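S.K.: Sharing model.pdb below, PDB, C-alpha atoms:
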```pdb
ATOM      1  CA  MET A 109       0.000   0.000   0.000
ATOM      2  CA  ASP A 110       2.792   2.395   0.839
ATOM      3  CA  ALA A 111       4.292   1.724  -2.530
ATOM      4  CA  LEU A 112       1.017   2.698  -4.221
ATOM      5  CA  LYS A 113       0.735   5.865  -2.136
ATOM      6  CA  LYS A 114       4.319   6.768  -2.908
ATOM      7  CA  GLY A 115       3.728   6.080  -6.617
ATOM      8  CA  PHE A 116       0.538   8.196  -6.714
ATOM      9  CA  SER A 117       2.249  10.980  -4.750
ATOM     10  CA  MET A 118       5.095  11.027  -7.264
ATOM     11  CA  ALA A 119       2.627  11.102 -10.133
ATOM     12  CA  LYS A 120       0.731  13.960  -8.475
ATOM     13  CA  GLU A 121       3.965  15.925  -8.030
ATOM     14  CA  GLY A 122       4.754  15.342 -11.698
ATOM     15  CA  VAL A 123       1.331  16.632 -12.781
ATOM     16  CA  VAL A 124       1.674  19.697 -10.520
ATOM     17  CA  ALA A 125       5.160  20.386 -11.890
ATOM     18  CA  ALA A 126       3.900  20.016 -15.455
ATOM     19  CA  ALA A 127       0.959  22.329 -14.733
ATOM     20  CA  GLU A 128       3.259  24.951 -13.217
ATOM     21  CA  LYS A 129       5.578  24.732 -16.205
ATOM     22  CA  THR A 130       2.613  24.953 -18.550
ATOM     23  CA  LYS A 131       1.300  27.983 -16.668
ATOM     24  CA  ALA A 132       4.735  29.631 -16.810
ATOM     25  CA  GLY A 133       4.994  28.795 -20.516
ATOM     26  CA  VAL A 134       1.567  30.255 -21.236
ATOM     27  CA  GLU A 135       2.411  33.416 -19.254
ATOM     28  CA  GLU A 136       5.702  33.773 -21.131
ATOM     29  CA  ALA A 137       3.959  33.218 -24.472
ATOM     30  CA  ALA A 138       1.320  35.802 -23.570
ATOM     31  CA  ALA A 139       3.998  38.324 -22.615
ATOM     32  CA  LYS A 140       5.884  37.736 -25.881
ATOM     33  CA  THR A 141       2.646  38.016 -27.871
ATOM     34  CA  LYS A 142       1.792  41.294 -26.147
ATOM     35  CA  GLU A 143       5.302  42.587 -26.801
ATOM     36  CA  GLY A 144       5.035  41.647 -30.485
ATOM     37  CA  VAL A 145       1.606  43.235 -30.876
ATOM     38  CA  MET A 146       2.799  46.448 -29.198
ATOM     39  CA  TYR A 147       5.848  46.553 -31.486
ATOM     40  CA  VAL A 148       3.720  46.108 -34.621
ATOM     41  CA  GLY A 149       1.279  48.735 -33.351
ATOM     42  CA  THR A 150       4.080  51.220 -32.713
ATOM     43  CA  LYS A 151       5.639  50.641 -36.134
ATOM     44  CA  THR A 152       2.243  50.932 -37.826
ATOM     45  CA  LYS A 153       1.556  54.179 -35.971
ATOM     46  CA  GLU A 154       4.952  55.554 -36.997
ATOM     47  CA  GLY A 155       4.252  54.575 -40.595
ATOM     48  CA  VAL A 156       0.844  56.251 -40.544
ATOM     49  CA  VAL A 157       2.266  59.438 -39.020
ATOM     50  CA  THR A 158       5.029  59.497 -41.626
ATOM     51  CA  SER A 159       2.510  58.932 -44.417
ATOM     52  CA  VAL A 160       0.210  61.684 -43.131
ATOM     53  CA  ASN A 161       3.143  64.098 -42.849
ATOM     54  CA  THR A 162       4.260  63.259 -46.393
ATOM     55  CA  VAL A 163       0.758  63.785 -47.780
ATOM     56  CA  ALA A 164       0.417  67.083 -45.903
ATOM     57  CA  GLN A 165       3.776  68.285 -47.215
ATOM     58  CA  LYS A 166       2.910  67.347 -50.813
ATOM     59  CA  THR A 167      -0.491  69.036 -50.485
ATOM     60  CA  THR A 168       1.177  72.223 -49.221
ATOM     61  CA  GLU A 169       3.663  72.130 -52.087
ATOM     62  CA  GLN A 170       0.861  71.704 -54.621
ATOM     63  CA  ALA A 171      -1.189  74.514 -53.042
ATOM     64  CA  ASN A 172       1.828  76.824 -53.212
ATOM     65  CA  LEU A 173       2.387  75.890 -56.847
ATOM     66  CA  VAL A 174      -1.263  76.576 -57.706
ATOM     67  CA  SER A 175      -1.249  79.931 -55.892
ATOM     68  CA  GLU A 176       1.974  80.997 -57.629
ATOM     69  CA  THR A 177       0.476  80.048 -60.991
ATOM     70  CA  THR A 178      -2.731  81.923 -60.187
ATOM     71  CA  VAL A 179      -0.846  85.089 -59.179
ATOM     72  CA  SER A 180       1.303  84.867 -62.298
ATOM     73  CA  GLY A 181      -1.793  84.449 -64.475
ATOM     74  CA  ALA A 182      -3.531  87.393 -62.801
ATOM     75  CA  ASN A 183      -0.457  89.569 -63.358
ATOM     76  CA  GLN A 184      -0.371  88.632 -67.041
ATOM     77  CA  VAL A 185      -4.072  89.405 -67.440
ATOM     78  CA  SER A 186      -3.692  92.792 -65.727
ATOM     79  CA  GLU A 187      -0.653  93.650 -67.872
ATOM     80  CA  LYS A 188      -2.582  92.844 -71.043
ATOM     81  CA  ALA A 189      -5.555  94.899 -69.831
ATOM     82  CA  VAL A 190      -3.315  97.910 -69.157
ATOM     83  CA  GLU A 191      -1.650  97.530 -72.557
ATOM     84  CA  GLY A 192      -5.075  97.393 -74.184
ATOM     85  CA  LEU A 193      -6.243 100.484 -72.333
ATOM     86  CA  GLU A 194      -3.073 102.359 -73.252
ATOM     87  CA  SER A 195      -3.557 101.423 -76.888
ATOM     88  CA  MET A 196      -7.211 102.502 -76.810
ATOM     89  CA  VAL A 197      -6.442 105.825 -75.110
ATOM     90  CA  ALA A 198      -3.617 106.527 -77.541
ATOM     91  CA  SER A 199      -5.771 105.676 -80.562
ATOM     92  CA  THR A 200      -8.569 108.008 -79.444
ATOM     93  CA  GLY A 201      -6.113 110.889 -79.140
ATOM     94  CA  LEU A 202      -6.855 111.593 -75.469
ATOM     95  CA  VAL A 203      -3.200 111.116 -74.564
ATOM     96  CA  LYS A 204      -0.056 111.213 -76.684
ATOM     97  CA  PRO A 205       1.749 107.857 -76.924
ATOM     98  CA  VAL A 206       4.927 109.525 -75.644
ATOM     99  CA  SER A 207       3.265 110.531 -72.355
ATOM    100  CA  ILE A 208       2.081 106.947 -71.839
ATOM    101  CA  GLN A 209       5.671 105.679 -72.055
ATOM    102  CA  ILE A 210       6.919 108.358 -69.651
ATOM    103  CA  GLN A 211       4.263 107.627 -67.073
ATOM    104  CA  GLU A 212       4.589 103.851 -67.356
ATOM    105  CA  GLY A 213       4.883 102.377 -63.888
ATOM    106  CA  ALA A 214       3.697 105.555 -62.208
ATOM    107  CA  VAL A 215       0.181 105.829 -60.846
ATOM    108  CA  GLU A 216      -1.593 109.073 -61.615
ATOM    109  CA  GLN A 217      -3.814 110.605 -58.982
ATOM    110  CA  PRO A 218      -7.089 112.096 -60.241
ATOM    111  CA  THR A 219      -7.223 115.870 -60.166
ATOM    112  CA  ASP A 220     -10.133 118.234 -59.626
ATOM    113  CA  ALA A 221      -9.393 120.043 -62.925
ATOM    114  CA  GLY A 222     -12.605 118.750 -64.482
ATOM    115  CA  GLN A 223     -14.935 120.612 -62.080
TER     116      GLN A 223
END
```
Would you mind writing the file out in structure tokens?
M.R.:
Amino acid sequence: MDALKKGFSMAKEGVVAAAEKTKAGVEEAAAKTKEGVMYVGTKTKEGVVTSVNTVAQKTTEQANLVSETTVSGANQVSEKAVEGLESMVASTGLVKPVSIQIQEGAVEQPTDAGQ
């Protein structure tokens, strides 16, 4: 009988030891899994932040390019309008073409001479 008790006791100790090792193994596996998931999450977050920053930078560059083009186009349109007005005024005889060239770039202030 003592031999059976001793045998069962040894078997019980073996099962307990195996369970403890299994528990420790599961805890270690869970910790490693958590560590891996956190690492992937961090790298994904970094990648998303980098992508968002890149998109924002490219959008800003494109907006600047569009605004520069718009300003350039507006300047060209205004230059052509002024040239057209100068040509029209000169052709009607209101102003001599020489005075238009002299005053080019200068803004004339209206006078009260017409009252």
S.K.: How far is it from CA of Ala138 (chain A) to CA of Val123 (chain A), in Å with one decimal?
M.R.: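 Separating CA of Ala138 (chain A) from CA of Val123 (chain A) is a distance of 22.0 Å.
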S.K.: I'd like the interatomic distance between CA of Glu121 (chain A) and CA of Gly133 (chain A), to a tenth of an Å.
M.R.: 18.0 Å
S.K.: Box time for region 131-135 of chain A: axis-aligned, enclosing all its listed atoms, 6 Å extra on each side; report centre and edge lengths in Å to one decimal, as JSON.
M.R.:
```
{"center_x": 3.1, "center_y": 30.7, "center_z": -19.0, "size_x": 15.7, "size_y": 17.4, "size_z": 16.6}
```
S.K.: Can you work out the spacing between CA of Gln184 (chain A) and CA of Ala171 (chain A) in Å, to one decimal?
M.R.: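 Value for the CA of Gln184 (chain A)-CA of Ala171 (chain A) distance: 19.9 Å.
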